[in-house]
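Content type compact mmCIF, C-alpha atoms and all ligand atoms, from the file start13.txt:
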```txt
# COMPACT_ATOMS: atom_id res chain seq x y z
CA MET A 281 -1.23 -6.58 -1.71
CA GLY A 282 -1.12 -6.17 2.04
CA VAL A 283 -3.26 -3.86 4.12
CA VAL A 284 -3.18 -2.59 7.69
CA VAL A 285 -6.54 -2.45 9.47
CA ASP A 286 -6.61 0.09 12.26
CA GLY A 287 -9.24 0.26 14.95
CA CYS A 288 -7.19 1.87 17.71
CA ASP A 289 -8.97 3.91 20.36
CA ASN A 290 -6.85 7.06 20.25
CA PHE A 291 -5.69 9.60 17.68
CA ALA A 292 -2.01 9.51 18.59
CA THR A 293 -1.76 5.82 17.74
CA ARG A 294 -3.94 6.21 14.66
CA LEU A 295 -1.66 8.91 13.29
CA VAL A 296 1.48 6.84 13.93
CA VAL A 297 -0.13 3.90 12.13
CA SER A 298 -1.17 6.15 9.23
CA ASP A 299 2.24 7.80 8.86
CA THR A 300 3.94 4.39 8.99
CA CYS A 301 1.63 2.95 6.34
CA THR A 302 2.33 5.91 4.07
CA ALA A 303 6.09 5.63 4.65
CA ILE A 304 6.25 1.92 3.81
CA GLY A 305 3.73 2.11 0.97
CA THR A 306 1.02 -0.01 2.57
CA PRO A 307 -2.70 0.78 2.29
CA LEU A 308 -4.63 1.54 5.46
CA THR A 309 -8.18 0.59 6.34
CA SER A 310 -9.20 2.93 9.12
CA ALA A 311 -12.21 2.28 11.33
CA ALA A 312 -13.32 4.60 14.10
CA LEU A 313 -16.25 4.80 16.43
CA GLY A 314 -17.47 7.42 18.88
CA ARG A 315 -20.77 6.80 20.63
CA PHE A 316 -23.23 6.53 17.72
CA GLN A 317 -20.92 7.82 14.98
CA GLY A 318 -18.81 5.43 12.93
CA GLN A 319 -16.24 6.07 10.21
CA VAL A 320 -14.58 3.65 7.80
CA ALA A 321 -12.24 4.45 4.92
CA ASN A 322 -9.41 3.03 2.86
CA PHE A 323 -6.39 5.31 2.54
CA ALA A 324 -3.42 5.12 0.17
CA GLY A 325 -1.41 8.22 1.10
CA HIS A 326 1.64 6.69 -0.58
CA LEU A 327 -0.04 6.98 -4.00
CA PRO A 328 0.06 10.25 -5.97
CA GLY A 329 -3.02 12.37 -5.38
CA GLN A 330 -4.41 10.11 -2.64
CA ALA A 331 -5.17 11.33 0.88
CA CYS A 332 -3.89 9.69 4.05
CA TYR A 333 -5.64 9.49 7.41
CA ARG A 334 -3.72 12.58 8.58
CA CYS A 335 -5.16 14.56 5.65
CA TRP A 336 -8.56 13.85 7.24
CA VAL A 337 -7.88 14.61 10.91
CA GLY A 338 -4.88 16.95 10.71
CA ASP A 339 -2.10 17.32 13.27
CA ALA A 340 -4.14 18.61 16.19
CA PHE A 341 -4.56 15.20 17.76
CA ASP A 342 -0.88 14.24 17.88
CA ALA A 343 -0.14 15.49 21.36
CA GLU A 344 -3.42 15.07 23.15
CA ASP A 345 -6.34 12.76 22.68
CA CYS A 346 -9.79 14.20 22.89
CA ASP A 347 -12.69 11.76 22.93
CA THR A 348 -11.88 8.20 23.89
CA CYS A 349 -14.02 5.10 23.90
CA ALA A 350 -13.01 4.50 27.50
CA ALA A 351 -14.44 7.86 28.53
CA ASP A 352 -17.47 8.00 26.23
CA GLY A 353 -18.43 4.36 26.00
CA VAL A 354 -19.43 2.49 22.87
CA LEU A 355 -22.41 0.39 21.87
CA GLY A 356 -21.47 -3.17 21.04
CA ALA A 357 -23.81 -3.35 18.06
CA MET A 358 -22.16 -0.26 16.57
CA VAL A 359 -18.73 -1.82 17.06
CA GLY A 360 -19.94 -4.91 15.25
CA MET A 361 -21.37 -2.92 12.36
CA VAL A 362 -18.32 -0.71 11.90
CA GLY A 363 -15.95 -3.64 12.36
CA ALA A 364 -17.73 -5.73 9.74
CA PHE A 365 -17.70 -2.81 7.31
CA ALA A 366 -13.99 -2.31 7.95
CA ALA A 367 -13.41 -5.99 7.16
CA MET A 368 -15.27 -5.57 3.86
CA SER A 369 -13.18 -2.48 3.11
CA ALA A 370 -9.96 -4.39 3.75
CA ILE A 371 -11.17 -7.19 1.45
CA ARG A 372 -11.73 -4.54 -1.23
CA VAL A 373 -8.05 -3.59 -0.96
CA ILE A 374 -6.84 -7.20 -1.02
CA LEU A 375 -8.98 -8.03 -4.06
CA GLN A 376 -8.02 -4.90 -5.98
CA GLY A 377 -7.73 -5.82 -9.64
CA LYS A 378 -8.73 -9.44 -8.96
CA ALA A 379 -12.50 -9.34 -8.47
CA ALA A 380 -15.50 -7.06 -8.90
CA LEU A 381 -15.38 -6.32 -5.17
CA GLY A 382 -11.81 -5.13 -5.55
CA ASP A 383 -12.38 -1.39 -5.68
CA PRO A 384 -10.64 0.15 -2.66
CA GLN A 385 -12.45 3.49 -3.11
CA TRP A 386 -9.42 5.32 -1.73
CA GLY A 387 -10.24 8.30 0.43
CA GLN A 388 -13.99 7.75 0.42
CA LEU A 389 -15.01 8.02 4.04
CA GLN A 390 -18.17 6.16 5.03
CA LEU A 391 -19.93 7.91 7.89
CA PHE A 392 -22.47 5.97 9.92
CA ASP A 393 -24.98 7.69 12.13
CA GLY A 394 -26.30 5.03 14.44
CA LEU A 395 -29.03 7.25 15.86
CA ALA A 396 -30.76 8.23 12.60
CA PRO A 397 -29.74 5.63 11.35
CA SER A 398 -28.09 6.70 8.11
CA MET A 399 -24.91 6.42 6.12
CA ARG A 400 -23.25 8.92 3.85
CA THR A 401 -20.01 9.09 1.93
CA ILE A 402 -17.59 11.98 1.77
CA ARG A 403 -14.40 12.25 -0.25
CA VAL A 404 -11.29 13.14 1.75
CA PRO A 405 -9.09 15.36 -0.44
CA LYS A 406 -5.31 15.13 -0.29
CA ASP A 407 -4.00 17.98 1.85
CA PRO A 408 -1.02 19.56 0.03
CA GLU A 409 0.28 20.69 3.44
CA CYS A 410 -0.09 17.27 5.10
CA ARG A 411 3.17 16.18 6.67
CA GLY A 412 2.07 12.55 6.63
CA CYS A 413 1.90 12.02 2.89
CA ASN A 414 3.92 14.84 1.31
CA PRO A 415 7.70 14.63 1.05
CA ALA A 416 9.42 17.09 3.40
ZN ZN B 501 -1.90 13.14 4.15
```
As structure tokens - that is how I would like this structure written.
Amino acid sequence: MGVVVDGCDNFATRLVVSDTCTAIGTPLTSAALGRFQGQVANFAGHLPGQACYRCWVGDAFDAEDCDTCAADGVLGAMVGMVGAFAAMSAIRVILQGKAALGDPQWGQLQLFDGLAPSMRTIRVPKDPECRGCNPA
């Protein structure tokens, strides 16, 4: 099984990558970072009942980016932490059904707070109105 790992620095590109993954039936490992907040999740919007990245962020970011790493800056150690976790998440997808580590945990968003520091998990529900993962 293939997987696309996205760590782009803007929402417009992220949404194009997500919509493309859903359209071609490829899982997406999404990693994002803004200052001291990091997010990592595996999405399988092509599967019934599973959310895509657009279910999480919505359509609002299509036309105009808001926060960017270039404007806000990022801490290298946070990039390393989030990037390594994204790599582990992608490995989970690749090993699905082949090893104990192979649980993609679709739609479970890992949120890192680098200031606290702390980590929590939230479940991204499939949005029945999402235009990324619901047939038109
Ligand atoms: Zn969706």
Exercise. What does the distance between atom CA of Leu389 of chain A and atom CA of Ala350 of chain A come to in Å, to one decimal place?
Worked result: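 Between these atoms lies a distance of 23.8 Å.
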Give one line per residue of chain A that approaches ligand ZN 501 (chain B) to at most 7 Å, naming the two atoms of the closest pair and their distance in Å to one decimal, counting all atoms listed in the file; sort by chain then ascending residue number and deliver it as CSV.
```
residue,atom,partner,partner_atom,distance
A:Gly325,CA,B:ZN501,ZN,5.8
A:Ala331,CA,B:ZN501,ZN,5.0
A:Cys332,CA,B:ZN501,ZN,4.0
A:Tyr333,CA,B:ZN501,ZN,6.2
A:Arg334,CA,B:ZN501,ZN,4.8
A:Cys335,CA,B:ZN501,ZN,3.9
A:Lys406,CA,B:ZN501,ZN,5.9
A:Asp407,CA,B:ZN501,ZN,5.8
A:Cys410,CA,B:ZN501,ZN,4.6
A:Arg411,CA,B:ZN501,ZN,6.4
A:Gly412,CA,B:ZN501,ZN,4.7
A:Cys413,CA,B:ZN501,ZN,4.2
A:Asn414,CA,B:ZN501,ZN,6.7
```
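Restricting the calculation to only C-alpha atoms, the smallest distance between Val285 of chain A and any of A:Pro328, A:Gly363, A:Pro415, A:Gly338 is found for A:Gly363.
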Exercise. So which residues are close to (-9.5, -1.5, 9.3), meaning at most 10 Å away in the file's coordinates with all atoms listed in the file counted, and can you show them as number ranges by chain?
Worked result: A: 283-288, 308-312, 320-322, 362-371
Exercise. Hey, can you check how far atom CA of Leu355 of chain A sits from atom CA of Phe316 of chain A?
Worked result: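 Answer for the atom CA of Leu355 of chain A to atom CA of Phe316 of chain A separation: 7.5 Å.
Note that the spacing between atom CA of Asp289 of chain A and atom CA of Pro397 of chain A amounts to 22.7 Å.
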